Every structure is written in structure tokens, then in C-alpha cells.
$ cat coords37.cif   # mmCIF, C-alpha atoms and all ligand atoms
data_input
loop_
_atom_site.group_PDB
_atom_site.id
_atom_site.type_symbol
_atom_site.label_atom_id
_atom_site.label_comp_id
_atom_site.auth_asym_id
_atom_site.auth_seq_id
_atom_site.Cartn_x
_atom_site.Cartn_y
_atom_site.Cartn_z
ATOM 1 C CA MET N 20 59.165 176.248 94.188
ATOM 2 C CA SER N 21 62.625 177.075 95.315
ATOM 3 C CA ILE N 22 66.092 176.692 93.848
ATOM 4 C CA LYS N 23 67.706 173.285 94.443
ATOM 5 C CA SER N 24 71.358 172.592 95.230
ATOM 6 C CA ALA N 25 73.688 170.233 93.381
ATOM 7 C CA VAL N 26 77.383 169.404 93.389
ATOM 8 C CA THR N 27 79.615 168.083 90.594
ATOM 9 C CA ILE N 28 81.389 164.721 90.530
ATOM 10 C CA SER N 29 83.964 164.076 87.779
ATOM 11 C CA LEU N 30 84.824 160.529 86.720
ATOM 12 C CA VAL N 31 87.094 161.748 83.904
ATOM 13 C CA LYS N 32 90.794 161.126 84.438
ATOM 14 C CA GLU N 33 91.734 163.382 81.516
ATOM 15 C CA ALA N 34 89.888 166.294 83.189
ATOM 16 C CA GLU N 35 91.958 166.238 86.377
ATOM 17 C CA GLY N 36 92.796 169.766 87.450
ATOM 18 C CA GLY N 37 89.416 170.942 86.152
ATOM 19 C CA PRO N 38 86.577 172.706 87.994
ATOM 20 C CA PHE N 39 84.787 169.767 89.593
ATOM 21 C CA VAL N 40 84.206 169.435 93.320
ATOM 22 C CA PHE N 41 84.302 165.668 93.806
ATOM 23 C CA TRP N 42 86.438 163.206 91.916
ATOM 24 C CA HIS N 43 86.227 159.530 90.926
ATOM 25 C CA ASN N 44 84.520 158.066 94.010
ATOM 26 C CA LEU N 45 80.750 158.199 93.473
ATOM 27 C CA ALA N 46 79.833 156.488 96.744
ATOM 28 C CA ALA N 47 81.961 158.798 98.889
ATOM 29 C CA ALA N 48 80.808 161.887 96.967
ATOM 30 C CA CYS N 49 77.109 161.004 97.288
ATOM 31 C CA ALA N 50 77.510 160.318 101.011
ATOM 32 C CA LYS N 51 79.235 163.671 101.551
ATOM 33 C CA ALA N 52 76.731 165.554 99.387
ATOM 34 C CA ALA N 53 73.846 164.091 101.388
ATOM 35 C CA GLU N 54 75.550 164.810 104.698
ATOM 36 C CA LEU N 55 75.946 168.476 103.715
ATOM 37 C CA GLY N 56 72.304 168.713 102.640
ATOM 38 C CA TYR N 57 72.619 168.851 98.847
ATOM 39 C CA ASP N 58 69.560 167.974 96.781
ATOM 40 C CA ALA N 59 71.426 166.440 93.856
ATOM 41 C CA VAL N 60 74.680 165.525 92.127
ATOM 42 C CA GLU N 61 75.845 166.435 88.610
ATOM 43 C CA VAL N 62 77.948 163.721 86.977
ATOM 44 C CA PHE N 63 80.725 164.148 84.410
ATOM 45 C CA ALA N 64 81.693 160.765 82.907
ATOM 46 C CA PRO N 65 84.110 159.860 80.060
ATOM 47 C CA ASN N 66 81.235 158.585 77.876
ATOM 48 C CA ALA N 67 77.662 157.215 78.089
ATOM 49 C CA ASP N 68 78.783 153.669 78.909
ATOM 50 C CA ALA N 69 80.855 154.983 81.814
ATOM 51 C CA ILE N 70 77.758 156.482 83.508
ATOM 52 C CA PRO N 71 77.023 153.801 86.122
ATOM 53 C CA VAL N 72 73.222 153.948 85.931
ATOM 54 C CA ASP N 73 72.466 151.169 88.419
ATOM 55 C CA GLU N 74 75.033 152.356 90.957
ATOM 56 C CA LEU N 75 73.801 155.947 90.640
ATOM 57 C CA ARG N 76 70.184 154.838 91.067
ATOM 58 C CA GLN N 77 71.120 152.924 94.196
ATOM 59 C CA LEU N 78 73.284 155.703 95.683
ATOM 60 C CA THR N 79 70.858 158.512 94.981
ATOM 61 C CA GLN N 80 67.970 156.501 96.392
ATOM 62 C CA GLN N 81 69.995 155.584 99.488
ATOM 63 C CA HIS N 82 70.963 159.225 100.093
ATOM 64 C CA ASN N 83 67.741 160.855 98.910
ATOM 65 C CA LEU N 84 69.529 162.688 96.090
ATOM 66 C CA LYS N 85 68.662 163.311 92.439
ATOM 67 C CA VAL N 86 70.940 163.443 89.395
ATOM 68 C CA ALA N 87 70.700 167.093 88.327
ATOM 69 C CA ALA N 88 72.517 166.752 84.986
ATOM 70 C CA VAL N 89 75.198 164.840 83.091
ATOM 71 C CA GLY N 90 78.123 166.404 81.215
ATOM 72 C CA THR N 91 79.181 165.626 77.647
ATOM 73 C CA GLY N 92 82.634 167.266 77.588
ATOM 74 C CA GLY N 93 84.415 163.903 77.485
ATOM 75 C CA GLY N 94 83.918 163.953 73.718
ATOM 76 C CA TRP N 95 86.116 167.051 73.570
ATOM 77 C CA VAL N 96 88.518 166.376 76.443
ATOM 78 C CA ILE N 97 89.280 162.797 75.371
ATOM 79 C CA HIS N 98 88.571 162.684 71.603
ATOM 80 C CA LYS N 99 88.767 166.358 70.499
ATOM 81 C CA TRP N 100 85.378 166.036 68.734
ATOM 82 C CA HIS N 101 82.997 168.981 68.669
ATOM 83 C CA LEU N 102 79.767 170.112 67.039
ATOM 84 C CA SER N 103 81.168 172.989 64.947
ATOM 85 C CA HIS N 104 84.314 171.252 63.662
ATOM 86 C CA SER N 105 85.398 171.745 60.029
ATOM 87 C CA ASP N 106 85.534 167.936 59.671
ATOM 88 C CA ALA N 107 82.094 166.372 59.173
ATOM 89 C CA ALA N 108 83.262 163.115 60.780
ATOM 90 C CA SER N 109 84.214 164.970 63.963
ATOM 91 C CA ARG N 110 80.791 166.675 64.020
ATOM 92 C CA ASP N 111 79.044 163.319 63.534
ATOM 93 C CA ASN N 112 81.118 161.657 66.235
ATOM 94 C CA ALA N 113 80.289 164.536 68.566
ATOM 95 C CA LYS N 114 76.551 164.206 67.848
ATOM 96 C CA ASN N 115 76.533 160.440 68.354
ATOM 97 C CA PHE N 116 78.555 160.790 71.550
ATOM 98 C CA ILE N 117 76.099 163.342 72.944
ATOM 99 C CA ARG N 118 73.031 161.412 71.770
ATOM 100 C CA SER N 119 74.090 158.372 73.776
ATOM 101 C CA ILE N 120 74.699 160.494 76.878
ATOM 102 C CA ILE N 121 71.237 162.058 76.463
ATOM 103 C CA ASP N 122 69.750 158.539 76.453
ATOM 104 C CA THR N 123 71.709 157.336 79.471
ATOM 105 C CA GLY N 124 71.106 160.532 81.444
ATOM 106 C CA GLY N 125 67.425 160.264 80.544
ATOM 107 C CA GLN N 126 67.256 156.923 82.387
ATOM 108 C CA LEU N 127 68.179 158.899 85.513
ATOM 109 C CA GLY N 128 65.896 161.841 84.706
ATOM 110 C CA ALA N 129 68.988 163.968 84.090
ATOM 111 C CA PRO N 130 69.449 166.318 81.107
ATOM 112 C CA ALA N 131 72.746 166.416 79.183
ATOM 113 C CA ILE N 132 74.829 169.608 79.103
ATOM 114 C CA ILE N 133 76.539 170.835 75.937
ATOM 115 C CA GLY N 134 79.448 173.055 76.988
ATOM 116 C CA SER N 135 82.858 172.399 75.477
ATOM 117 C CA MET N 136 81.242 170.119 72.850
ATOM 118 C CA GLN N 137 79.861 173.214 71.065
ATOM 119 C CA GLY N 138 83.429 173.847 69.900
ATOM 120 C CA ARG N 139 84.742 176.935 68.114
ATOM 121 C CA PHE N 140 85.198 178.276 64.620
ATOM 122 C CA GLU N 141 88.671 178.233 63.079
ATOM 123 C CA GLY N 142 90.517 177.735 59.790
ATOM 124 C CA GLU N 143 88.203 177.689 56.802
ATOM 125 C CA VAL N 144 85.023 177.655 58.878
ATOM 126 C CA SER N 145 83.469 181.081 59.506
ATOM 127 C CA GLN N 146 81.649 181.976 62.695
ATOM 128 C CA GLU N 147 78.324 181.934 60.827
ATOM 129 C CA GLN N 148 79.051 178.490 59.390
ATOM 130 C CA ALA N 149 80.056 177.144 62.797
ATOM 131 C CA LYS N 150 76.911 178.551 64.373
ATOM 132 C CA GLY N 151 74.969 176.908 61.563
ATOM 133 C CA TYR N 152 76.537 173.540 62.421
ATOM 134 C CA LEU N 153 75.720 174.099 66.081
ATOM 135 C CA ARG N 154 72.144 175.142 65.225
ATOM 136 C CA ASP N 155 71.570 171.950 63.210
ATOM 137 C CA ALA N 156 73.033 169.823 66.002
ATOM 138 C CA LEU N 157 70.982 171.477 68.761
ATOM 139 C CA ASN N 158 67.803 171.113 66.696
ATOM 140 C CA GLU N 159 68.462 167.411 66.195
ATOM 141 C CA LEU N 160 69.706 166.682 69.709
ATOM 142 C CA GLY N 161 67.021 168.841 71.334
ATOM 143 C CA GLU N 162 64.292 166.837 69.615
ATOM 144 C CA HIS N 163 66.113 163.632 70.537
ATOM 145 C CA ALA N 164 66.196 164.711 74.194
ATOM 146 C CA LYS N 165 62.403 165.040 74.048
ATOM 147 C CA THR N 166 62.153 161.326 73.375
ATOM 148 C CA ALA N 167 64.288 160.748 76.499
ATOM 149 C CA GLY N 168 61.947 163.010 78.489
ATOM 150 C CA VAL N 169 64.534 165.668 79.302
ATOM 151 C CA PRO N 170 65.516 169.102 77.997
ATOM 152 C CA LEU N 171 68.888 169.686 76.312
ATOM 153 C CA VAL N 172 71.069 172.147 78.204
ATOM 154 C CA TYR N 173 73.273 174.554 76.224
ATOM 155 C CA GLU N 174 76.030 176.395 78.087
ATOM 156 C CA PRO N 175 77.517 179.601 76.637
ATOM 157 C CA LEU N 176 81.223 179.792 77.518
ATOM 158 C CA ASN N 177 83.630 182.658 78.001
ATOM 159 C CA ARG N 178 85.861 183.942 75.188
ATOM 160 C CA TYR N 179 88.856 181.853 76.235
ATOM 161 C CA GLU N 180 86.879 178.617 75.765
ATOM 162 C CA SER N 181 84.707 179.320 72.711
ATOM 163 C CA ASN N 182 84.423 181.992 70.046
ATOM 164 C CA LEU N 183 80.880 181.101 68.897
ATOM 165 C CA MET N 184 78.940 183.241 71.360
ATOM 166 C CA ASN N 185 79.865 184.412 74.828
ATOM 167 C CA ARG N 186 77.133 186.768 76.002
ATOM 168 C CA ALA N 187 73.536 186.288 77.126
ATOM 169 C CA GLU N 188 72.228 188.637 74.452
ATOM 170 C CA ASP N 189 73.908 186.645 71.659
ATOM 171 C CA ALA N 190 72.843 183.299 73.110
ATOM 172 C CA VAL N 191 69.189 184.391 73.406
ATOM 173 C CA THR N 192 69.221 185.648 69.817
ATOM 174 C CA PHE N 193 70.703 182.318 68.717
ATOM 175 C CA LEU N 194 68.092 180.347 70.709
ATOM 176 C CA GLY N 195 65.411 182.261 68.830
ATOM 177 C CA THR N 196 66.699 180.797 65.558
ATOM 178 C CA LEU N 197 66.271 177.167 66.680
ATOM 179 C CA ASP N 198 63.355 175.061 65.443
ATOM 180 C CA THR N 199 63.241 172.933 68.594
ATOM 181 C CA ASP N 200 61.678 174.274 71.793
ATOM 182 C CA ASN N 201 63.584 171.794 73.965
ATOM 183 C CA VAL N 202 66.904 173.613 74.452
ATOM 184 C CA VAL N 203 67.470 175.528 77.691
ATOM 185 C CA ILE N 204 70.407 177.655 78.846
ATOM 186 C CA LEU N 205 73.006 176.867 81.453
ATOM 187 C CA ALA N 206 73.954 180.123 83.154
ATOM 188 C CA ASP N 207 77.496 179.574 84.474
ATOM 189 C CA LEU N 208 78.352 182.433 86.833
ATOM 190 C CA PHE N 209 82.101 182.087 86.165
ATOM 191 C CA HIS N 210 81.695 182.530 82.405
ATOM 192 C CA MET N 211 79.157 185.316 82.898
ATOM 193 C CA ASN N 212 81.494 187.156 85.279
ATOM 194 C CA ILE N 213 83.984 187.454 82.416
ATOM 195 C CA GLU N 214 81.502 188.394 79.692
ATOM 196 C CA GLU N 215 78.474 190.263 81.088
ATOM 197 C CA GLY N 216 78.170 193.907 82.116
ATOM 198 C CA THR N 217 76.647 192.600 85.310
ATOM 199 C CA ILE N 218 75.817 188.980 85.972
ATOM 200 C CA ALA N 219 72.392 189.938 87.338
ATOM 201 C CA ASP N 220 71.466 191.699 84.073
ATOM 202 C CA GLY N 221 72.732 188.707 82.098
ATOM 203 C CA LEU N 222 70.480 186.430 84.147
ATOM 204 C CA ARG N 223 67.517 188.734 83.448
ATOM 205 C CA THR N 224 68.346 188.644 79.735
ATOM 206 C CA TYR N 225 68.248 184.842 79.836
ATOM 207 C CA GLY N 226 65.059 184.933 81.920
ATOM 208 C CA LYS N 227 62.794 181.948 81.362
ATOM 209 C CA HIS N 228 65.386 180.249 79.135
ATOM 210 C CA ILE N 229 67.605 179.262 82.081
ATOM 211 C CA GLY N 230 67.364 175.547 82.856
ATOM 212 C CA HIS N 231 70.491 175.096 84.973
ATOM 213 C CA VAL N 232 72.991 177.275 86.856
ATOM 214 C CA HIS N 233 76.648 176.610 87.586
ATOM 215 C CA PHE N 234 77.083 178.157 91.013
ATOM 216 C CA VAL N 235 80.700 179.215 91.418
ATOM 217 C CA ASP N 236 82.746 182.263 92.323
ATOM 218 C CA SER N 237 84.575 184.831 90.149
ATOM 219 C CA ASN N 238 87.872 182.898 90.283
ATOM 220 C CA ARG N 239 86.202 179.519 89.686
ATOM 221 C CA ARG N 240 86.757 178.685 93.332
ATOM 222 C CA PRO N 241 83.712 177.626 95.385
ATOM 223 C CA ALA N 242 80.966 180.183 96.000
ATOM 224 C CA GLY N 243 82.086 182.532 98.770
ATOM 225 C CA CYS N 244 85.799 182.248 97.880
ATOM 226 C CA GLY N 245 85.959 185.082 95.329
ATOM 227 C CA HIS N 246 84.376 188.517 94.774
ATOM 228 C CA MET N 247 81.001 187.571 93.262
ATOM 229 C CA ASP N 248 78.013 189.700 94.375
ATOM 230 C CA TYR N 249 75.602 186.918 95.309
ATOM 231 C CA SER N 250 72.930 189.243 96.691
ATOM 232 C CA ALA N 251 72.416 190.804 93.260
ATOM 233 C CA ILE N 252 72.533 187.363 91.615
ATOM 234 C CA ALA N 253 69.952 185.974 94.060
ATOM 235 C CA SER N 254 67.641 188.952 93.419
ATOM 236 C CA ALA N 255 67.835 188.412 89.660
ATOM 237 C CA LEU N 256 67.130 184.677 89.997
ATOM 238 C CA ARG N 257 64.106 185.457 92.195
ATOM 239 C CA GLU N 258 62.856 188.020 89.665
ATOM 240 C CA ILE N 259 62.864 185.452 86.875
ATOM 241 C CA SER N 260 61.324 182.812 89.210
ATOM 242 C CA TYR N 261 64.227 180.443 88.694
ATOM 243 C CA ASP N 262 63.444 177.130 90.442
ATOM 244 C CA LYS N 263 65.906 174.589 89.048
ATOM 245 C CA TYR N 264 69.431 173.619 90.145
ATOM 246 C CA ALA N 265 72.329 175.758 91.305
ATOM 247 C CA SER N 266 75.162 173.280 90.841
ATOM 248 C CA ALA N 267 78.640 173.647 92.328
ATOM 249 C CA GLU N 268 81.015 173.498 89.367
ATOM 250 C CA ALA N 269 84.175 174.842 90.972
ATOM 251 C CA PHE N 270 87.743 173.848 91.690
ATOM 252 C CA PRO N 271 88.074 171.506 94.654
ATOM 253 C CA TRP N 272 89.704 174.345 96.575
ATOM 254 C CA PRO N 273 91.268 173.959 99.061
ATOM 255 C CA ASP N 274 89.956 170.376 98.894
ATOM 256 C CA SER N 275 86.772 168.628 97.769
ATOM 257 C CA ASP N 276 85.003 168.479 101.126
ATOM 258 C CA SER N 277 85.791 172.114 101.968
ATOM 259 C CA ALA N 278 84.631 173.224 98.511
ATOM 260 C CA ALA N 279 81.348 171.367 98.917
ATOM 261 C CA LYS N 280 80.859 172.862 102.379
ATOM 262 C CA ALA N 281 81.651 176.427 101.245
ATOM 263 C CA THR N 282 79.198 176.127 98.360
ATOM 264 C CA ILE N 283 76.300 174.788 100.394
ATOM 265 C CA ASP N 284 76.897 177.518 102.992
ATOM 266 C CA ALA N 285 76.696 180.185 100.262
ATOM 267 C CA PHE N 286 73.672 178.431 98.748
ATOM 268 C CA ASN N 287 71.871 178.434 102.088
ATOM 269 C CA GLN N 288 72.782 182.066 102.700
ATOM 270 C CA TYR N 289 71.703 183.434 99.320
ATOM 271 C CA LEU N 290 69.553 181.024 97.336
ATOM 272 C CA ALA N 291 67.686 178.689 99.703
HETATM 273 MN MN MN N 301 79.978 175.425 83.608
#
$ encode --input "coords37.cif" --output "C-alpha cells" --more "lines below"
Ligand SMILES: [Mn+2]
Amino acid sequence: MSIKSAVTISLVKEAEGGPFVFWHNLAAACAKAAELGYDAVEVFAPNADAIPVDELRQLTQQHNLKVAAVGTGGGWVIHKWHLSHSDAASRDNAKNFIRSIIDTGGQLGAPAIIGSMQGRFEGEVSQEQAKGYLRDALNELGEHAKTAGVPLVYEPLNRYESNLMNRAEDAVTFLGTLDTDNVVILADLFHMNIEEGTIADGLRTYGKHIGHVHFVDSNRRPAGCGHMDYSAIASALREISYDKYASAEAFPWPDSDSAAKATIDAFNQYLA
């Protein structure tokens, strides 16, 4: 098995300016992704009901694409809910929001990603308490994802986006404390570039736990537009026999089509 390519499409108005390659127009994005030779698309929608299941089925079938994953960050970006919030109602809202996205993504064979929805500790909540909230949520949602036939994807973030855990070593230790066996790691090369000694060593630390990769450069521009050492990254991914998606989650720099082209060129050069 080899690594598969994917590219992000954001349907979230409130996330404009964020690191997503294509924006708002699913049909145009799927056509372009297919033309460039991508295997799949990753979809970021405002909520579960805004994931157009029938349209996505039709478009991906037409263009011979898959849906690699679906994002859940709308719960944070739009509602400011998260899984480690001091307010129990916010934590519950976050869980329900994610649960419905797991179900809808599952209809497309796509796992849900928990990134910004993990939240952060602050105020009266200690880091240990917040990690406890997150642990409970991942146990519950991971088992729920099983019923939808998909894993649950947990994405460690860099220090400017979360203070729960930022490094591969901490995330692997945390994974070991979960009761569910259905949570995998999203290795985002941009976050890892900030936090790891070397990204390649971080990938080796994650090893078999990696279920998804965000393929992006050091400056969050498309792969090939920064100073990332992709040879070392490719070697590490080969060593751990990684065979899932490398998904372009990058700024649409200088524009969406160019970003998608740059990424697939780097993918073909290093990971194909
Ligand atoms: Mn990411």
C-alpha cells in the first residue's frame, strides 16, 4: 500500500483566512482535485447538517475521489464550544456536535478530526483536569465512531493553539491512557515543525498510531513553499509503513489552484 493524496475544502464562512486550499464550491474543488490527480478531498463544514452527503457522494463518484476525513472545528470557530471547557454545557455541546459529524462522515466512509475542538485549559481548570475531560470525551466518541465504522482522529496542535499537549511524546503517553482502541493521531507537519526536535523523529514516535497526515510546509503554505525537509519526512513515513492520507491543509497561497498544484507536485516527488 502507498500513501494517498487529499486536499482540503472549507465550507465555513467564519474560517475564511484559514489554512484550507479550496473554499465554498464543492463541485469546482472536486473537479480541480481530480484533474490534478488527487485521491480524495477532506471537507470542513459548519456542522453535520451542512455536510452535503448526497452531493459529495455524486461528486466523488463522478471524479473517482474519496472523502478522506471531515473536520469538526466549526463547533469552536462558530460556537466557541470545546471538549475541555470549564462549563459542562459547553463540553456537552461540543460532544454532541462532534458525535453528529462522526455519524454524517461515517455515511461517506470518512473519519472525523478533533483538532481545535480539544480546547485548552484556563481559569479554574487545571491541565490535568482538562486532559481528564478530553480523555472521557475521546473514550466516548471513539467508541461511538466504531458504530459508524470509522476511527476517530485526534490532532495534537502547537502551543499557540492548545496548551493540553503539543508534542508526539506527550500525545502517545496520553493515548496510552485511553480505554478505547479507536482513536488515531493526525500528524500535522506544520504543528510538528513548531514543537518537535525533528519532524521525522516525531513521526517515528507516533509510529503505528498515525491515521492521517496534514501535508503542509513550515510556514503553513503549500508543500514546497517553505523550508520543510520532505526527504527526511518521507523516509520516516516509509519506516513506519504509513499508508493513509497526506492531506493538503495549507493556505490557498498564492491562490487555491496553485496551492493544490504545488502540493500534488511535492506529494508526487516525495510520497507517491
Ligand atoms: Mn491540521
$ residues_near_ligand --input "coords37.cif" --ligand "ligand MN 301 (chain N)" --cutoff "12 Å" --atoms "only C-alpha atoms and all ligand atoms" --output "PyMOL selection string"
chain N and resi 26-27+37-39+61+63+88-92+132-135+172-177+180+204-212+231-236+239+265-270
$ residues_around --input "coords37.cif" --residues "Ala251 in chain N" --least-positions-apart "3" --cutoff "12 Å" --atoms "all atoms listed in the file" --output "number ranges by chain"
N: 217-223, 247-248, 254-258, 289-290
$ resolve_selection --input "coords37.cif" --expression "the PyMOL selection byres (((chain N and resi 105) around 10) and not hetatm)" --output "ChimeraX atom specification"
/N:101-104,106-110,139-145,148-149,152
$ atom_distance --input "coords37.cif" --atom1 "CA of His228 in chain N" --atom2 "CA of Tyr264 in chain N"
13.5 Å
$ atom_distance --input "coords37.cif" --atom1 "CA of Leu171 in chain N" --atom2 "CA of Glu215 in chain N"
23.2 Å
$ closest_residue --input "coords37.cif" --among "N:Asn115, N:Gln126, N:Thr282, N:Ser29" --to "Arg76 in chain N" --atoms "only C-alpha atoms"
N:Gln126
$ resolve_selection --input "coords37.cif" --expression "the PyMOL selection byres (((chain N and resi 227) around 9) and not hetatm)" --output "compact mmCIF listing (two decimals) with C-alpha atoms, in the coordinates of the input"
# COMPACT_ATOMS: atom_id res chain seq x y z
CA VAL N 203 67.47 175.53 77.69
CA ARG N 223 67.52 188.73 83.45
CA THR N 224 68.35 188.64 79.74
CA TYR N 225 68.25 184.84 79.84
CA GLY N 226 65.06 184.93 81.92
CA HIS N 228 65.39 180.25 79.14
CA ILE N 229 67.60 179.26 82.08
CA GLY N 230 67.36 175.55 82.86
CA ILE N 259 62.86 185.45 86.88
CA SER N 260 61.32 182.81 89.21
CA TYR N 261 64.23 180.44 88.69
$ resolve_selection --input "coords37.cif" --expression "the PyMOL selection byres (((chain N and resi 283-287) around 8) and not hetatm)" --output "list in words"
Ser24, Leu55, Gly56, Tyr57, Ala242, Gly243, Ala279, Lys280, Ala281, Thr282, Gln288, Tyr289, Leu290 and Ala291 of chain N
$ closest_residue --input "coords37.cif" --among "N:Val72, N:Ala48, N:Val31, N:Val169" --to "Gly94 in chain N" --atoms "all atoms listed in the file"
N:Val31
$ atom_distance --input "coords37.cif" --atom1 "CA of Asp73 in chain N" --atom2 "CA of Val96 in chain N"
25.1 Å
$ residues_around --input "coords37.cif" --residues "Asp58 in chain N" --least-positions-apart "6" --cutoff "7 Å" --atoms "all atoms listed in the file" --output "ChimeraX atom specification"
/N:23-25,84-85
$ residues_around --input "coords37.cif" --residues "Gly168 in chain N" --least-positions-apart "3" --cutoff "12 Å" --atoms "all atoms listed in the file" --output "PyMOL selection string"
chain N and resi 121-131+161-165+171+201
$ closest_residue --input "coords37.cif" --among "N:Ile117, N:Ala52, N:Ala34, N:Ala190" --to "Arg154 in chain N" --atoms "only C-alpha atoms"
N:Ala190
$ axis_aligned_box --input "coords37.cif" --around "range 148-163 of chain N" --padding-each-side "8 Å" --output "lines of an AutoDock Vina configuration file"
center_x = 72.2
center_y = 171.1
center_z = 65.4
size_x = 31.8
size_y = 30.9
size_z = 27.9
$ closest_residue --input "coords37.cif" --among "N:Cys244, N:Leu194, N:Met136, N:Ala253" --to "Ile22 in chain N" --atoms "all atoms listed in the file"
N:Ala253
$ build_atoms --input "coords37.cif" --residues "range 61-89 of chain N" --atoms "N, CA and C atoms" --output "mmCIF file, in the frame of the given file"
data_model
loop_
_atom_site.group_PDB
_atom_site.id
_atom_site.type_symbol
_atom_site.label_atom_id
_atom_site.label_comp_id
_atom_site.auth_asym_id
_atom_site.auth_seq_id
_atom_site.Cartn_x
_atom_site.Cartn_y
_atom_site.Cartn_z
ATOM 1 N N GLU N 61 75.693 166.290 90.060
ATOM 2 C CA GLU N 61 75.845 166.435 88.610
ATOM 3 C C GLU N 61 77.065 165.606 88.229
ATOM 4 N N VAL N 62 76.904 164.712 87.245
ATOM 5 C CA VAL N 62 77.948 163.721 86.977
ATOM 6 C C VAL N 62 78.599 163.952 85.608
ATOM 7 N N PHE N 63 79.928 164.003 85.624
ATOM 8 C CA PHE N 63 80.725 164.148 84.410
ATOM 9 C C PHE N 63 81.480 162.843 84.203
ATOM 10 N N ALA N 64 81.097 162.075 83.168
ATOM 11 C CA ALA N 64 81.693 160.765 82.907
ATOM 12 C C ALA N 64 82.412 160.795 81.553
ATOM 13 N N PRO N 65 83.344 159.870 81.327
ATOM 14 C CA PRO N 65 84.110 159.860 80.060
ATOM 15 C C PRO N 65 83.227 159.633 78.832
ATOM 16 N N ASN N 66 82.148 158.859 78.992
ATOM 17 C CA ASN N 66 81.235 158.585 77.876
ATOM 18 C C ASN N 66 79.961 157.978 78.457
ATOM 19 N N ALA N 67 78.964 157.711 77.604
ATOM 20 C CA ALA N 67 77.662 157.215 78.089
ATOM 21 C C ALA N 67 77.802 155.889 78.828
ATOM 22 N N ASP N 68 78.651 154.989 78.286
ATOM 23 C CA ASP N 68 78.783 153.669 78.909
ATOM 24 C C ASP N 68 79.443 153.748 80.278
ATOM 25 N N ALA N 69 80.155 154.828 80.528
ATOM 26 C CA ALA N 69 80.855 154.983 81.814
ATOM 27 C C ALA N 69 79.968 155.659 82.868
ATOM 28 N N ILE N 70 78.706 155.974 82.502
ATOM 29 C CA ILE N 70 77.758 156.482 83.508
ATOM 30 C C ILE N 70 77.152 155.253 84.197
ATOM 31 N N PRO N 71 77.491 155.020 85.453
ATOM 32 C CA PRO N 71 77.023 153.801 86.122
ATOM 33 C C PRO N 71 75.576 153.960 86.585
ATOM 34 N N VAL N 72 74.640 153.667 85.680
ATOM 35 C CA VAL N 72 73.222 153.948 85.931
ATOM 36 C C VAL N 72 72.707 153.228 87.182
ATOM 37 N N ASP N 73 72.987 151.928 87.278
ATOM 38 C CA ASP N 73 72.466 151.169 88.419
ATOM 39 C C ASP N 73 73.054 151.655 89.741
ATOM 40 N N GLU N 74 74.377 151.875 89.728
ATOM 41 C CA GLU N 74 75.033 152.356 90.957
ATOM 42 C C GLU N 74 74.508 153.740 91.347
ATOM 43 N N LEU N 75 74.310 154.604 90.348
ATOM 44 C CA LEU N 75 73.801 155.947 90.640
ATOM 45 C C LEU N 75 72.370 155.891 91.165
ATOM 46 N N ARG N 76 71.562 155.018 90.578
ATOM 47 C CA ARG N 76 70.184 154.838 91.067
ATOM 48 C C ARG N 76 70.198 154.439 92.532
ATOM 49 N N GLN N 77 71.062 153.466 92.836
ATOM 50 C CA GLN N 77 71.120 152.924 94.196
ATOM 51 C C GLN N 77 71.618 154.003 95.170
ATOM 52 N N LEU N 78 72.698 154.695 94.785
ATOM 53 C CA LEU N 78 73.284 155.703 95.683
ATOM 54 C C LEU N 78 72.356 156.890 95.903
ATOM 55 N N THR N 79 71.719 157.339 94.821
ATOM 56 C CA THR N 79 70.858 158.512 94.981
ATOM 57 C C THR N 79 69.607 158.158 95.781
ATOM 58 N N GLN N 80 69.124 156.944 95.601
ATOM 59 C CA GLN N 80 67.970 156.501 96.392
ATOM 60 C C GLN N 80 68.353 156.394 97.869
ATOM 61 N N GLN N 81 69.507 155.772 98.112
ATOM 62 C CA GLN N 81 69.995 155.584 99.488
ATOM 63 C C GLN N 81 70.151 156.926 100.205
ATOM 64 N N HIS N 82 70.648 157.939 99.469
ATOM 65 C CA HIS N 82 70.963 159.225 100.093
ATOM 66 C C HIS N 82 69.913 160.301 99.820
ATOM 67 N N ASN N 83 68.809 159.895 99.213
ATOM 68 C CA ASN N 83 67.741 160.855 98.910
ATOM 69 C C ASN N 83 68.251 162.027 98.066
ATOM 70 N N LEU N 84 69.003 161.688 97.022
ATOM 71 C CA LEU N 84 69.529 162.688 96.090
ATOM 72 C C LEU N 84 68.901 162.463 94.716
ATOM 73 N N LYS N 85 69.023 163.473 93.852
ATOM 74 C CA LYS N 85 68.662 163.311 92.439
ATOM 75 C C LYS N 85 69.942 163.471 91.609
ATOM 76 N N VAL N 86 69.858 163.105 90.325
ATOM 77 C CA VAL N 86 70.940 163.443 89.395
ATOM 78 C C VAL N 86 70.468 164.685 88.640
ATOM 79 N N ALA N 87 71.146 165.802 88.873
ATOM 80 C CA ALA N 87 70.700 167.093 88.327
ATOM 81 C C ALA N 87 70.977 167.195 86.829
ATOM 82 N N ALA N 88 72.112 166.644 86.394
ATOM 83 C CA ALA N 88 72.517 166.752 84.986
ATOM 84 C C ALA N 88 73.717 165.853 84.745
ATOM 85 N N VAL N 89 73.990 165.586 83.464
ATOM 86 C CA VAL N 89 75.198 164.840 83.091
ATOM 87 C C VAL N 89 75.960 165.649 82.040
#
